[in-house]
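Chemist: Next comes entry-v4.cif, mmCIF, C-alpha atoms and all ligand atoms:
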data_coords
loop_
_atom_site.label_atom_id
_atom_site.label_comp_id
_atom_site.auth_asym_id
_atom_site.auth_seq_id
_atom_site.Cartn_x
_atom_site.Cartn_y
_atom_site.Cartn_z
CA MET V 1 102.00 105.34 143.04
CA GLY V 2 103.46 106.61 139.80
CA LYS V 3 103.82 104.71 136.58
CA PHE V 4 107.59 104.81 136.24
CA LYS V 5 110.79 106.11 137.72
CA LEU V 6 113.89 107.49 136.03
CA LYS V 7 117.19 105.77 136.65
CA CYS V 8 120.70 107.01 135.90
CA LEU V 9 122.62 104.41 133.92
CA LYS V 10 125.95 105.38 135.49
CA CYS V 11 125.46 106.06 139.20
CA GLY V 12 122.10 104.34 139.63
CA ARG V 13 120.44 107.34 141.21
CA GLU V 14 116.68 107.28 140.88
CA TYR V 15 114.29 110.13 140.23
CA GLU V 16 110.54 110.36 140.48
CA GLN V 17 108.22 110.95 137.58
CA GLU V 18 109.34 114.35 136.25
CA TYR V 19 110.52 116.15 133.12
CA ARG V 20 114.23 115.63 133.70
CA LEU V 21 117.02 115.51 131.14
CA THR V 22 120.15 115.02 133.27
CA CYS V 23 121.45 113.28 136.39
CA GLU V 24 122.67 115.54 139.17
CA ASN V 25 125.89 113.53 139.58
CA ASP V 26 127.11 112.91 136.03
CA ASP V 27 126.32 113.24 132.32
CA SER V 28 124.87 109.77 131.73
CA LEU V 29 121.52 109.22 130.04
CA LEU V 30 118.60 108.46 132.32
CA ARG V 31 116.29 105.59 131.48
CA THR V 32 112.63 105.01 132.32
CA GLU V 33 111.80 102.01 134.45
CA TYR V 34 108.16 101.13 134.07
CA PHE V 35 106.36 99.31 136.84
CA GLU V 36 104.36 97.42 134.20
CA LYS V 37 106.80 94.78 132.99
CA LYS V 38 104.41 93.18 130.52
CA LEU V 39 103.35 95.13 127.47
CA GLU V 40 99.59 95.42 127.67
CA LEU V 41 98.10 96.98 124.57
CA ARG V 42 95.54 99.73 125.14
CA ASN V 43 92.53 100.29 122.96
CA GLN V 44 93.93 103.23 120.98
CA PRO V 45 94.24 103.62 117.21
CA GLY V 46 97.86 104.83 117.07
CA MET V 47 100.89 104.88 119.32
CA GLY V 48 98.70 105.27 122.41
CA LYS V 49 98.25 101.48 122.33
CA PHE V 50 101.79 101.26 123.77
CA HIS V 51 100.81 103.24 126.87
CA SER V 52 102.47 100.65 129.18
CA TRP V 53 105.87 101.92 128.11
CA LEU V 54 105.30 105.61 127.45
CA PRO V 55 106.18 108.02 130.27
CA VAL V 56 102.78 109.74 130.43
CA LYS V 57 99.77 109.30 132.70
CA GLU V 58 97.01 109.99 130.21
CA GLU V 59 96.70 107.69 127.19
CA LEU V 60 97.71 109.34 123.93
CA ASN V 61 94.73 109.57 121.67
CA THR V 62 96.02 109.94 118.12
CA ASP V 63 95.85 107.86 114.97
CA ALA V 64 99.55 108.56 114.34
CA GLY V 65 101.81 105.65 115.10
CA PRO V 66 104.28 103.22 113.59
CA ILE V 67 103.07 100.45 111.31
CA THR V 68 104.78 97.17 110.43
CA TYR V 69 104.11 94.93 107.45
CA LYS V 70 105.74 91.97 105.78
CA SER V 71 107.40 92.92 102.51
CA GLU V 72 106.69 90.85 99.41
CA ALA V 73 108.17 92.61 96.40
CA LEU V 74 111.40 93.96 97.91
CA ALA V 75 111.83 90.74 99.89
CA ARG V 76 111.54 88.69 96.70
CA GLU V 77 114.01 90.96 94.92
CA LEU V 78 116.53 90.43 97.74
CA GLY V 79 115.76 86.75 98.27
CA LEU V 80 114.68 87.35 101.86
CA SER V 81 111.85 85.33 103.38
CA ASN V 82 111.20 87.36 106.54
CA LEU V 83 111.66 91.00 105.72
CA TYR V 84 109.42 93.40 107.64
CA ILE V 85 109.08 97.11 106.96
CA GLY V 86 108.53 99.50 109.86
CA PHE V 87 107.06 102.66 108.36
CA SER V 88 106.53 106.07 109.97
CA GLY V 89 104.74 108.46 107.68
CA TYR V 90 101.56 108.85 105.68
CA TRP V 91 100.24 105.81 103.85
CA PRO V 92 96.50 105.50 104.50
CA GLU V 93 96.24 102.26 102.46
CA ARG V 94 98.32 100.65 105.21
CA GLU V 95 96.79 102.65 108.03
CA ALA V 96 99.82 104.86 108.52
CA PHE V 97 98.63 108.32 109.54
CA THR V 98 101.78 110.10 110.72
CA LYS V 99 101.11 113.26 108.76
CA THR V 100 104.37 115.11 109.30
CA CYS V 101 105.93 112.08 107.58
CA SER V 102 108.60 110.98 110.06
CA PHE V 103 109.07 109.18 113.37
CA LYS V 104 109.91 112.53 114.98
CA GLU V 105 106.16 112.80 115.46
CA LEU V 106 106.29 109.70 117.68
CA GLU V 107 108.69 111.65 119.91
CA ALA V 108 106.58 114.80 119.92
CA TYR V 109 103.32 113.36 121.32
CA PRO V 110 104.69 111.86 124.55
CA THR V 111 107.11 114.78 125.04
CA MET V 112 104.35 117.39 124.85
CA GLN V 113 102.08 115.28 127.05
CA LEU V 114 104.82 114.80 129.69
CA LEU V 115 105.47 118.54 129.60
CA LYS V 116 101.80 119.20 130.29
CA GLU V 117 101.60 116.62 133.08
CA THR V 118 104.68 117.99 134.85
CA GLY V 119 103.53 121.61 134.82
CA GLY V 120 105.71 122.98 132.00
CA LYS V 121 104.38 125.86 129.95
CA ALA V 122 106.14 125.56 126.60
CA ILE V 123 108.75 123.55 124.81
CA VAL V 124 111.66 125.12 122.94
CA LEU V 125 113.65 123.67 120.06
CA ALA V 126 115.93 124.62 117.21
CA SER V 127 115.12 122.54 114.17
CA ALA V 128 114.54 122.92 110.50
CA GLY V 129 112.79 119.92 109.17
CA ASN V 130 111.26 116.80 110.60
CA THR V 131 111.54 117.62 114.32
CA GLY V 132 110.26 121.17 114.02
CA ARG V 133 107.35 120.05 111.87
CA ALA V 134 106.45 117.23 114.26
CA PHE V 135 106.36 119.45 117.35
CA ALA V 136 104.47 122.20 115.50
CA HIS V 137 101.85 119.66 114.38
CA VAL V 138 101.34 118.32 117.90
CA SER V 139 101.13 121.90 119.16
CA ALA V 140 98.40 122.61 116.60
CA LEU V 141 96.47 119.54 117.76
CA THR V 142 96.90 120.02 121.52
CA GLY V 143 97.27 123.78 121.94
CA ILE V 144 100.48 123.32 123.93
CA ASP V 145 102.92 126.13 123.17
CA VAL V 146 106.05 125.46 121.18
CA TYR V 147 108.89 127.85 120.31
CA ILE V 148 110.85 126.83 117.22
CA VAL V 149 113.97 128.71 116.13
CA VAL V 150 115.26 128.11 112.60
CA PRO V 151 117.80 129.67 110.27
CA ASP V 152 116.29 131.41 107.26
CA SER V 153 117.02 128.42 105.01
CA GLY V 154 114.85 126.13 107.15
CA VAL V 155 111.58 128.07 107.12
CA SER V 156 110.20 126.42 103.98
CA THR V 157 110.45 122.92 105.50
CA LEU V 158 108.01 123.93 108.21
CA TRP V 159 104.64 123.12 106.71
CA LEU V 160 101.61 121.52 108.33
CA PRO V 161 98.67 119.47 107.08
CA GLU V 162 96.34 121.85 108.97
CA GLU V 163 96.14 125.57 109.63
CA PRO V 164 98.89 126.71 112.00
CA THR V 165 97.69 127.86 115.42
CA GLU V 166 98.80 130.66 117.74
CA SER V 167 100.42 128.09 120.01
CA ILE V 168 103.18 127.74 117.41
CA HIS V 169 105.84 130.44 117.76
CA LEU V 170 108.25 130.26 114.87
CA ILE V 171 111.31 132.49 115.12
CA SER V 172 113.38 132.73 111.98
CA MET V 173 116.79 134.35 111.59
CA SER V 174 118.10 136.81 109.04
CA PRO V 175 120.12 135.29 106.18
CA GLY V 176 123.74 134.71 107.21
CA ASN V 177 122.87 133.02 110.50
CA ASP V 178 123.17 129.24 110.62
CA TYR V 179 121.83 126.33 112.62
CA THR V 180 124.32 126.91 115.47
CA ASP V 181 122.99 130.47 115.83
CA ALA V 182 119.45 129.10 116.03
CA ILE V 183 120.56 126.68 118.78
CA ASN V 184 122.03 129.63 120.69
CA ILE V 185 118.75 131.57 120.69
CA ALA V 186 116.68 128.48 121.51
CA GLY V 187 119.00 127.85 124.47
CA ARG V 188 118.33 131.31 125.85
CA ILE V 189 114.57 131.11 125.40
CA ALA V 190 114.59 127.71 127.13
CA LYS V 191 116.03 129.29 130.30
CA LEU V 192 112.98 131.51 130.80
CA PRO V 193 110.45 130.47 133.48
CA GLY V 194 108.11 127.68 132.38
CA MET V 195 110.10 126.94 129.24
CA VAL V 196 111.87 123.63 128.78
CA PRO V 197 114.25 122.44 126.07
CA GLU V 198 113.15 119.35 124.12
CA GLY V 199 116.42 117.70 125.15
CA GLY V 200 117.09 115.42 122.17
CA ALA V 201 118.26 111.94 123.15
CA ARG V 202 118.37 112.99 126.83
CA ASN V 203 114.59 113.17 126.86
CA VAL V 204 113.15 109.77 127.77
CA ALA V 205 109.77 110.71 126.30
CA ARG V 206 111.42 111.18 122.93
CA ARG V 207 113.28 107.87 123.14
CA ASP V 208 110.35 105.83 124.40
CA GLY V 209 108.13 107.38 121.72
CA MET V 210 110.55 106.29 118.99
CA GLY V 211 110.86 102.90 120.68
CA THR V 212 107.27 102.13 119.70
CA VAL V 213 108.59 101.21 116.24
CA MET V 214 110.30 98.17 117.80
CA LEU V 215 107.24 97.42 119.95
CA ASP V 216 104.95 97.49 116.93
CA ALA V 217 107.30 95.18 115.04
CA ALA V 218 107.42 92.71 117.93
CA ILE V 219 103.65 92.49 118.28
CA THR V 220 103.15 92.24 114.49
CA ILE V 221 105.82 89.58 113.99
CA GLY V 222 105.16 87.78 117.27
CA LYS V 223 108.77 88.12 118.38
CA MET V 224 111.69 90.52 118.21
CA PRO V 225 113.46 90.67 114.83
CA ASP V 226 116.99 89.28 114.48
CA HIS V 227 118.20 92.46 112.78
CA TYR V 228 117.21 96.12 112.97
CA PHE V 229 118.14 98.46 110.09
CA GLN V 230 117.94 102.26 110.36
CA ALA V 231 119.75 105.34 109.09
CA VAL V 232 121.13 107.46 111.95
CA GLY V 233 122.21 111.04 112.45
CA SER V 234 122.01 111.37 116.22
CA GLY V 235 121.52 107.64 116.78
CA THR V 236 118.58 108.28 119.10
CA GLY V 237 116.40 105.92 117.10
CA GLY V 238 118.99 103.17 117.49
CA ILE V 239 119.25 103.73 121.23
CA SER V 240 115.44 103.69 121.47
CA ALA V 241 115.12 100.43 119.53
CA TRP V 242 117.71 98.84 121.83
CA GLU V 243 115.94 100.04 124.99
CA ALA V 244 112.56 98.86 123.69
CA ALA V 245 114.13 95.46 122.98
CA ILE V 246 115.50 95.29 126.54
CA ARG V 247 111.95 95.82 127.83
CA LEU V 248 110.57 93.20 125.42
CA ARG V 249 113.21 90.73 126.62
CA ALA V 250 112.13 91.29 130.22
CA ASP V 251 108.49 90.83 129.19
CA GLY V 252 109.45 87.29 128.18
CA ARG V 253 107.00 86.68 125.31
CA PHE V 254 109.08 88.11 122.46
CA GLY V 255 112.36 86.19 122.66
CA GLN V 256 115.55 86.62 124.65
CA LYS V 257 118.00 87.72 121.98
CA LEU V 258 118.34 91.44 121.34
CA PRO V 259 118.06 92.48 117.67
CA LYS V 260 121.40 93.27 116.07
CA LEU V 261 121.55 97.00 115.32
CA GLN V 262 122.63 97.56 111.71
CA LEU V 263 122.83 101.32 111.29
CA ALA V 264 123.79 103.54 108.40
CA GLN V 265 125.20 107.01 107.83
CA ASN V 266 125.42 108.90 104.56
CA LEU V 267 128.80 109.66 102.97
CA PRO V 268 130.74 111.87 103.17
CA PHE V 269 129.55 112.78 106.71
CA VAL V 270 129.89 109.54 108.72
CA PRO V 271 131.44 110.31 112.16
CA MET V 272 129.76 107.49 114.08
CA TYR V 273 130.58 104.99 111.34
CA ASN V 274 134.24 106.00 111.51
CA ALA V 275 134.45 105.81 115.29
CA TRP V 276 132.66 102.46 115.35
CA GLN V 277 134.95 100.93 112.69
CA ASP V 278 137.78 101.55 115.21
CA ARG V 279 135.58 100.40 118.11
CA ARG V 280 136.20 103.77 119.72
CA ARG V 281 133.78 105.28 122.24
CA GLU V 282 134.97 108.79 121.39
CA ILE V 283 134.35 110.63 118.15
CA ILE V 284 137.57 112.44 117.26
CA PRO V 285 136.59 115.40 115.06
CA GLU V 286 139.92 115.62 113.17
CA LEU V 287 139.67 111.94 112.28
CA ASP V 288 135.98 111.22 112.03
CA MET V 289 134.54 114.45 110.58
CA LYS V 290 137.34 116.42 109.06
CA ASP V 291 135.99 119.51 107.24
CA ALA V 292 132.60 118.82 108.78
CA LYS V 293 130.96 121.85 107.23
CA LYS V 294 131.97 120.83 103.71
CA GLN V 295 131.03 117.22 104.32
CA ILE V 296 127.61 118.24 105.60
CA GLU V 297 126.96 120.38 102.53
CA ALA V 298 127.80 117.40 100.32
CA THR V 299 125.52 114.95 102.17
CA TYR V 300 122.27 113.97 100.45
CA ALA V 301 120.28 112.99 103.56
CA ASN V 302 120.96 116.15 105.57
CA VAL V 303 118.77 114.94 108.47
CA LEU V 304 121.67 112.57 109.21
CA THR V 305 124.30 115.25 109.75
CA ASN V 306 124.40 115.72 113.53
CA ARG V 307 127.78 116.97 114.75
CA ALA V 308 127.29 116.14 118.42
CA PRO V 309 125.43 112.82 118.54
CA PRO V 310 124.85 110.98 121.86
CA TYR V 311 127.31 108.31 120.83
CA GLY V 312 129.90 107.95 123.60
CA VAL V 313 127.75 108.99 126.58
CA THR V 314 126.76 106.22 129.03
CA GLY V 315 123.62 104.60 127.62
CA GLY V 316 124.29 106.08 124.19
CA LEU V 317 124.76 104.55 120.77
CA TYR V 318 128.20 103.05 121.42
CA ASP V 319 126.77 101.07 124.35
CA ALA V 320 123.81 100.00 122.19
CA LEU V 321 126.11 98.74 119.43
CA ILE V 322 128.30 96.87 121.93
CA ASP V 323 125.33 95.24 123.63
CA THR V 324 123.73 94.07 120.37
CA ASP V 325 126.95 93.18 118.53
CA GLY V 326 126.00 95.90 116.07
CA ARG V 327 127.31 96.96 112.72
CA MET V 328 127.48 100.26 110.83
CA TYR V 329 127.44 101.17 107.14
CA ALA V 330 128.59 104.17 105.13
CA VAL V 331 126.25 104.70 102.19
CA ALA V 332 127.07 106.80 99.13
CA ARG V 333 124.57 109.21 97.59
CA LYS V 334 124.31 107.11 94.43
CA GLU V 335 123.59 103.96 96.42
CA ALA V 336 120.87 105.79 98.33
CA LEU V 337 119.23 107.14 95.17
CA GLU V 338 119.24 103.71 93.54
CA ALA V 339 117.77 102.11 96.65
CA LYS V 340 115.07 104.80 96.79
CA ALA V 341 114.01 104.14 93.19
CA LEU V 342 114.03 100.38 93.77
CA PHE V 343 112.01 100.58 96.97
CA GLU V 344 109.44 103.00 95.59
CA SER V 345 108.82 101.00 92.43
CA LEU V 346 108.51 97.71 94.31
CA GLU V 347 106.62 98.75 97.45
CA GLY V 348 104.54 101.62 96.08
CA ILE V 349 105.21 104.46 98.53
CA ASP V 350 107.66 107.37 98.43
CA ILE V 351 110.35 107.54 101.12
CA LEU V 352 112.47 110.40 102.50
CA PRO V 353 116.26 110.54 101.88
CA PRO V 354 117.27 108.96 105.24
CA SER V 355 114.97 106.02 104.54
CA ALA V 356 116.68 105.63 101.16
CA VAL V 357 119.99 105.41 103.04
CA ALA V 358 118.56 102.74 105.34
CA THR V 359 117.29 100.73 102.37
CA ALA V 360 120.69 100.99 100.68
CA SER V 361 122.37 99.62 103.81
CA LEU V 362 120.07 96.59 103.71
CA LEU V 363 121.09 95.96 100.08
CA LYS V 364 124.75 96.14 101.14
CA ALA V 365 124.13 93.81 104.08
CA VAL V 366 122.48 91.19 101.87
CA GLU V 367 125.32 91.43 99.38
CA ALA V 368 127.95 91.07 102.10
CA GLY V 369 126.14 88.16 103.75
CA ASN V 370 125.59 90.10 106.98
CA VAL V 371 122.08 88.64 107.24
CA GLU V 372 120.86 85.09 106.55
CA LYS V 373 118.13 84.85 103.91
CA ASP V 374 115.57 83.42 106.32
CA GLU V 375 116.35 85.57 109.35
CA THR V 376 113.77 88.06 110.58
CA ILE V 377 114.74 91.55 109.51
CA LEU V 378 113.12 94.86 110.47
CA LEU V 379 113.87 97.72 108.09
CA ASN V 380 112.85 100.90 109.91
CA LEU V 381 111.89 103.46 107.29
CA ALA V 382 111.57 106.41 109.61
CA GLY V 383 110.18 108.85 107.07
CA GLY V 384 107.98 108.69 104.00
CA GLY V 385 104.65 109.30 102.34
CA TYR V 386 105.20 113.01 101.69
CA GLU V 387 104.17 112.74 98.02
CA ARG V 388 101.22 110.58 99.09
CA LEU V 389 100.20 113.18 101.70
CA LYS V 390 100.11 115.96 99.11
CA GLU V 391 97.47 114.03 97.17
CA ASP V 392 95.10 114.16 100.16
CA PHE V 393 95.98 117.35 102.05
CA LYS V 394 96.55 121.02 101.44
CA LEU V 395 99.77 121.98 103.19
CA TYR V 396 100.10 125.24 105.11
CA GLN V 397 103.32 127.14 105.56
CA ILE V 398 104.08 128.23 109.14
CA GLU V 399 104.80 131.97 109.19
CA PRO V 400 107.47 133.35 111.54
CA VAL V 401 106.22 135.60 114.35
CA ALA V 402 109.64 137.22 114.70
CA VAL V 403 112.94 137.48 112.89
CA ALA V 404 116.17 137.50 114.89
CA ARG V 405 118.92 139.53 113.26
CA HIS V 406 121.81 137.86 115.11
CA PRO V 407 122.32 135.18 117.80
CA ASP V 408 122.81 137.68 120.65
CA VAL V 409 119.66 139.68 120.03
CA PRO V 410 117.93 140.55 123.35
CA LEU V 411 114.88 138.35 123.73
CA GLU V 412 112.67 141.35 124.61
CA GLU V 413 113.41 142.70 121.17
CA LEU V 414 111.78 139.66 119.59
CA ASN V 415 108.58 140.53 121.34
CA ILE V 416 107.39 136.94 121.28
CA LEU V 417 106.90 136.21 124.95
CA ASN V 418 104.14 137.13 127.30
CA ILE V 419 106.70 138.14 129.92
C1 LIG S 501 115.71 112.00 112.42
C2 LIG S 501 115.55 111.00 111.36
C3 LIG S 501 116.45 109.93 111.24
C4 LIG S 501 117.64 109.76 112.14
O1 LIG S 501 117.22 109.46 113.42
P1 LIG S 501 118.18 109.31 114.67
O2 LIG S 501 117.94 107.96 115.17
O3 LIG S 501 117.76 110.38 115.62
O4 LIG S 501 119.58 109.50 114.24
C5 LIG S 501 116.23 109.00 110.24
N1 LIG S 501 115.18 109.12 109.39
C6 LIG S 501 114.29 110.13 109.49
C7 LIG S 501 113.17 110.20 108.54
C8 LIG S 501 114.44 111.10 110.47
O5 LIG S 501 113.57 112.11 110.55
ZN ZN S 502 124.09 109.58 137.62
#
Produce structure tokens that represent the structure in this file.
Ligand SMILES: *Cc1c(COP(=O)(O)O)cnc(C)c1O
Ligand SMILES: [Zn+2]

Modeler:
Amino acid sequence: MGKFKLKCLKCGREYEQEYRLTCENDDSLLRTEYFEKKLELRNQPGMGKFHSWLPVKEELNTDAGPITYKSEALARELGLSNLYIGFSGYWPEREAFTKTCSFKELEAYPTMQLLKETGGKAIVLASAGNTGRAFAHVSALTGIDVYIVVPDSGVSTLWLPEEPTESIHLISMSPGNDYTDAINIAGRIAKLPGMVPEGGARNVARRDGMGTVMLDAAITIGKMPDHYFQAVGSGTGGISAWEAAIRLRADGRFGQKLPKLQLAQNLPFVPMYNAWQDRRREIIPELDMKDAKKQIEATYANVLTNRAPPYGVTGGLYDALIDTDGRMYAVARKEALEAKALFESLEGIDILPPSAVATASLLKAVEAGNVEKDETILLNLAGGGYERLKEDFKLYQIEPVAVARHPDVPLEELNILNI
């Protein structure tokens, strides 16, 4: 017998244990149903301890994983008595060893492992930044092939805390091509035999990997938090926290009330915030992200600028917000920068821009009375410790193996594939 099955949230169709991103009948998200209903921690140093609810057969053996601790200084500043910080990044003093410095790494381990267990050969993605770095790092550690396509401007964000390996195939693009062009090429590579796309929010391994932040919080606190704060671009982290909470509720030992999702976007690009303020399931581009390109350029936390988030899809962020009576915030650049400085001086670790946005939303929530002072709050800081990492590690730049001149370039011309 397998460990889980996949279930479509719209038509109910079930699938066996496989690397599957879509239902054959509709466009709903699939969700993992684990046969183990009680979370039984495994003896692993990092996220592998949550094996019960990760869609892989072999336990993940890595020291990377989410950590949770009770805040003192920031909590005192805000007058909160039960503020917990969920931190994904590098902070060895608190046993946080996620060396690519974001919770994207928590998605990469189970995704690469599931790929291996289901007979896939390589994973393909278009990403400059946290996702690309996370998958490249796991490729370097496991030897599983990854193809990463990035526009020229993204190459410098792809560094590693170890020497890059031949399993990492970085394809850059000539200047003038943008992220959409990179997605186009990645899409074509992913159609080749043995290649699979990483799938974003559609990939249950990614969601359940990110969900370990909520699981770690629940076991550290002893129950689910009342509130969950995070900055969102695709909203996948919010969906994952909600799904993890649904599993914890069924477990029975962590409370019956789902944490209220309190999620933030960064002004001026706030499409999900706008749609949610109107309680609309659909994002209407002319209303919710007018002049998207300009807005994106003006946004400080550019990781949060996804133009096609899994918001309205069945099982997506809209459903998560409805089910948890959620709330959304629009945070200005100045508010984020102030929150970043406050957090770093009080808690003693550097955080990435999206985490600054999340912190700013907590400050706004306290001010507006959207949380009670003694309620249990989880602030998910999904990225940080980059400055701390540089003190301990030499960072290596990943060099491109090919440069694509334009999005329609024939793949043979790139000469990257053993085909
Ligand atoms: C990707 C990312 C986010 C946004 O996550 P989603 O839930 O996918 O929108 C927030 N913070 C950091 C550090 C990230 O890398
Ligand atoms: Zn279906």

Chemist: For region 262-271 of chain V, find every residue with an atom within 7 Å (counting all atoms listed in the file), except residues of its own chain fewer than 5 positions away, and show them as a list of chain:residue names.

Modeler: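 Counting only the stated atoms, we get V:His227, V:Tyr228, V:Phe229, V:Gln230, V:Ala231, V:Val232, V:Gly233, V:Ile283, V:Asp288, V:Met289, V:Gln295, V:Ile296, V:Ala298, V:Thr299, V:Ala301, V:Leu304, V:Thr305, V:Gly326, V:Arg327, V:Met328, V:Tyr329, V:Ala330, V:Val331, V:Ala332, V:Arg333, V:Val357, V:Ala358, V:Ser361.
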
Chemist: May I have the residues from that selection written out with C-alpha atoms, as a PDB file, keeping the file's coordinate frame?

Modeler:
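Output file part04.pdb follows:
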ATOM      1  CA  HIS V 227     118.200  92.460 112.780  1.00  0.00           C
ATOM      2  CA  TYR V 228     117.210  96.120 112.970  1.00  0.00           C
ATOM      3  CA  PHE V 229     118.140  98.460 110.090  1.00  0.00           C
ATOM      4  CA  GLN V 230     117.940 102.260 110.360  1.00  0.00           C
ATOM      5  CA  ALA V 231     119.750 105.340 109.090  1.00  0.00           C
ATOM      6  CA  VAL V 232     121.130 107.460 111.950  1.00  0.00           C
ATOM      7  CA  GLY V 233     122.210 111.040 112.450  1.00  0.00           C
ATOM      8  CA  ILE V 283     134.350 110.630 118.150  1.00  0.00           C
ATOM      9  CA  ASP V 288     135.980 111.220 112.030  1.00  0.00           C
ATOM     10  CA  MET V 289     134.540 114.450 110.580  1.00  0.00           C
ATOM     11  CA  GLN V 295     131.030 117.220 104.320  1.00  0.00           C
ATOM     12  CA  ILE V 296     127.610 118.240 105.600  1.00  0.00           C
ATOM     13  CA  ALA V 298     127.800 117.400 100.320  1.00  0.00           C
ATOM     14  CA  THR V 299     125.520 114.950 102.170  1.00  0.00           C
ATOM     15  CA  ALA V 301     120.280 112.990 103.560  1.00  0.00           C
ATOM     16  CA  LEU V 304     121.670 112.570 109.210  1.00  0.00           C
ATOM     17  CA  THR V 305     124.300 115.250 109.750  1.00  0.00           C
ATOM     18  CA  GLY V 326     126.000  95.900 116.070  1.00  0.00           C
ATOM     19  CA  ARG V 327     127.310  96.960 112.720  1.00  0.00           C
ATOM     20  CA  MET V 328     127.480 100.260 110.830  1.00  0.00           C
ATOM     21  CA  TYR V 329     127.440 101.170 107.140  1.00  0.00           C
ATOM     22  CA  ALA V 330     128.590 104.170 105.130  1.00  0.00           C
ATOM     23  CA  VAL V 331     126.250 104.700 102.190  1.00  0.00           C
ATOM     24  CA  ALA V 332     127.070 106.800  99.130  1.00  0.00           C
ATOM     25  CA  ARG V 333     124.570 109.210  97.590  1.00  0.00           C
ATOM     26  CA  VAL V 357     119.990 105.410 103.040  1.00  0.00           C
ATOM     27  CA  ALA V 358     118.560 102.740 105.340  1.00  0.00           C
ATOM     28  CA  SER V 361     122.370  99.620 103.810  1.00  0.00           C
TER      29      SER V 361
END

Chemist: Ranking V:Leu158, V:Ala292, V:Val204, V:Ala320 by minimum distance to Gly235 (chain V) and counting all atoms listed in the file, which one comes first?

Modeler: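 Going through V:Leu158, V:Ala292, V:Val204, V:Ala320 one by one, the smallest distance to Gly235 (chain V) is for V:Ala320.
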
Chemist: Could you list, as a ChimeraX atom specification, all the residues within 7 Å of ligand LIG 501 (chain S), counting all atoms listed in the file?

Modeler: /V:102-104,130-131,230-238,303-304,352,354-355,381-383

Chemist: Skip Trp159 (chain V) itself and residues of its chain fewer than 3 positions away, then list as a PyMOL selection string all residues within 8 Å of it, counting only C-alpha atoms.

Modeler: chain V and resi 133+156+395-398

Chemist: Could you list, as a ChimeraX atom specification, all the residues within 10 Å of ligand ZN 502 (chain S), counting all atoms listed in the file?

Modeler: /V:7-14,22-30,314

Chemist: Considering only C-alpha atoms, give me a table of residues in region 218-258 of chain V that are at most 12 Å from region 56-76 of chain V, with the closest atom pair and distance in Å for each, as a tab-separated table.

Modeler:
residue	atom	partner	partner_atom	distance
V:Ala218	CA	V:Thr68	CA	9.1
V:Ile219	CA	V:Thr68	CA	9.2
V:Thr220	CA	V:Thr68	CA	6.6
V:Ile221	CA	V:Thr68	CA	8.4
V:Gly222	CA	V:Thr68	CA	11.6
V:Pro225	CA	V:Thr68	CA	11.7

Chemist: With a distance cut-off of 8 Å and all atoms listed in the file, select the neighbouring residues of region 145-151 of chain V, excluding the residue or stretch itself and same-chain residues fewer than 2 positions from it, and output the selection as an MDAnalysis selection string.

Modeler: chainID V and resid 121:128 132 135:136 139 143 153:155 167:175 177:179 181:183 185:186

Chemist: Determine the nearest neighbour of Met214 (chain V) from the options V:Gly86, V:Pro161, V:Gly119, V:Pro45, counting all atoms listed in the file.

Modeler: V:Gly86

Chemist: Hey, which of V:Val403, V:Val313, V:Val371, V:Leu378 ends up closest to Tyr84 (chain V)? Count all atoms listed in the file.

Modeler: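 Of the candidates, the smallest distance to Tyr84 (chain V) is held by V:Leu378.
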
Chemist: What does the structure give for the distance between CA of Leu6 (chain V) and CA of Asp325 (chain V), in Å to one decimal?

Modeler: 26.1 Å

Chemist: Within 7 Å of Leu389 (chain V), counting all atoms listed in the file, which residues show up once you throw out same-chain ones fewer than 4 positions away? Write them as a short mmCIF file (atom, residue, chain, number, x, y, z; two decimals) with C-alpha atoms, keeping the file's coordinate frame, please.

Modeler:
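What follows is the written file out10.cif:
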data_model
loop_
_atom_site.label_atom_id
_atom_site.label_comp_id
_atom_site.auth_asym_id
_atom_site.auth_seq_id
_atom_site.Cartn_x
_atom_site.Cartn_y
_atom_site.Cartn_z
CA TYR V 90 101.56 108.85 105.68
CA GLY V 385 104.65 109.30 102.34
CA PHE V 393 95.98 117.35 102.05
#

Chemist: I'd like to know which of V:Thr212, V:Asn380, V:Gln277, V:Asn415 is closest to Gly48 (chain V), using all atoms listed in the file.

Modeler: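 Checking each candidate against Gly48 (chain V), we get V:Thr212 as the closest.
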
Chemist: Which residue out of V:His51, V:Tyr34, V:Lys99, V:Leu261 has the minimum interatomic distance to Ala365 (chain V) when only C-alpha atoms are used?

Modeler: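 Among the listed residues, the smallest separation from Ala365 (chain V) belongs to V:Leu261.
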
Chemist: Between CA of Lys49 (chain V) and CA of Gly252 (chain V), what is the spacing in Å?

Modeler: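 Taking CA of Gly252 (chain V) as the start and CA of Lys49 (chain V) as the end point, the length is 19.0 Å.
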
Chemist: Taking only C-alpha atoms into account, which of V:Lys3, V:Ile246, V:Tyr273, V:Trp91 comes nearest Glu391 (chain V)?

Modeler: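 Checking each candidate against Glu391 (chain V), we get V:Trp91 as the closest.
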
Chemist: Record the distance separating CA of Arg31 (chain V) and CA of Tyr318 (chain V), expressed in Å with one decimal.

Modeler: 15.8 Å

Chemist: Which protein, DNA or RNA residues have an atom at most 9 Å from (111.5, 87.9, 126.2), counting all atoms listed in the file? List them as a short mmCIF file (atom, residue, chain, number, x, y, z; two decimals) with C-alpha atoms, in the coordinates of the input.

Modeler:
data_model
loop_
_atom_site.label_atom_id
_atom_site.label_comp_id
_atom_site.auth_asym_id
_atom_site.auth_seq_id
_atom_site.Cartn_x
_atom_site.Cartn_y
_atom_site.Cartn_z
CA LYS V 223 108.77 88.12 118.38
CA MET V 224 111.69 90.52 118.21
CA ALA V 245 114.13 95.46 122.98
CA ILE V 246 115.50 95.29 126.54
CA ARG V 247 111.95 95.82 127.83
CA LEU V 248 110.57 93.20 125.42
CA ARG V 249 113.21 90.73 126.62
CA ALA V 250 112.13 91.29 130.22
CA ASP V 251 108.49 90.83 129.19
CA GLY V 252 109.45 87.29 128.18
CA ARG V 253 107.00 86.68 125.31
CA PHE V 254 109.08 88.11 122.46
CA GLY V 255 112.36 86.19 122.66
CA GLN V 256 115.55 86.62 124.65
CA LYS V 257 118.00 87.72 121.98
#
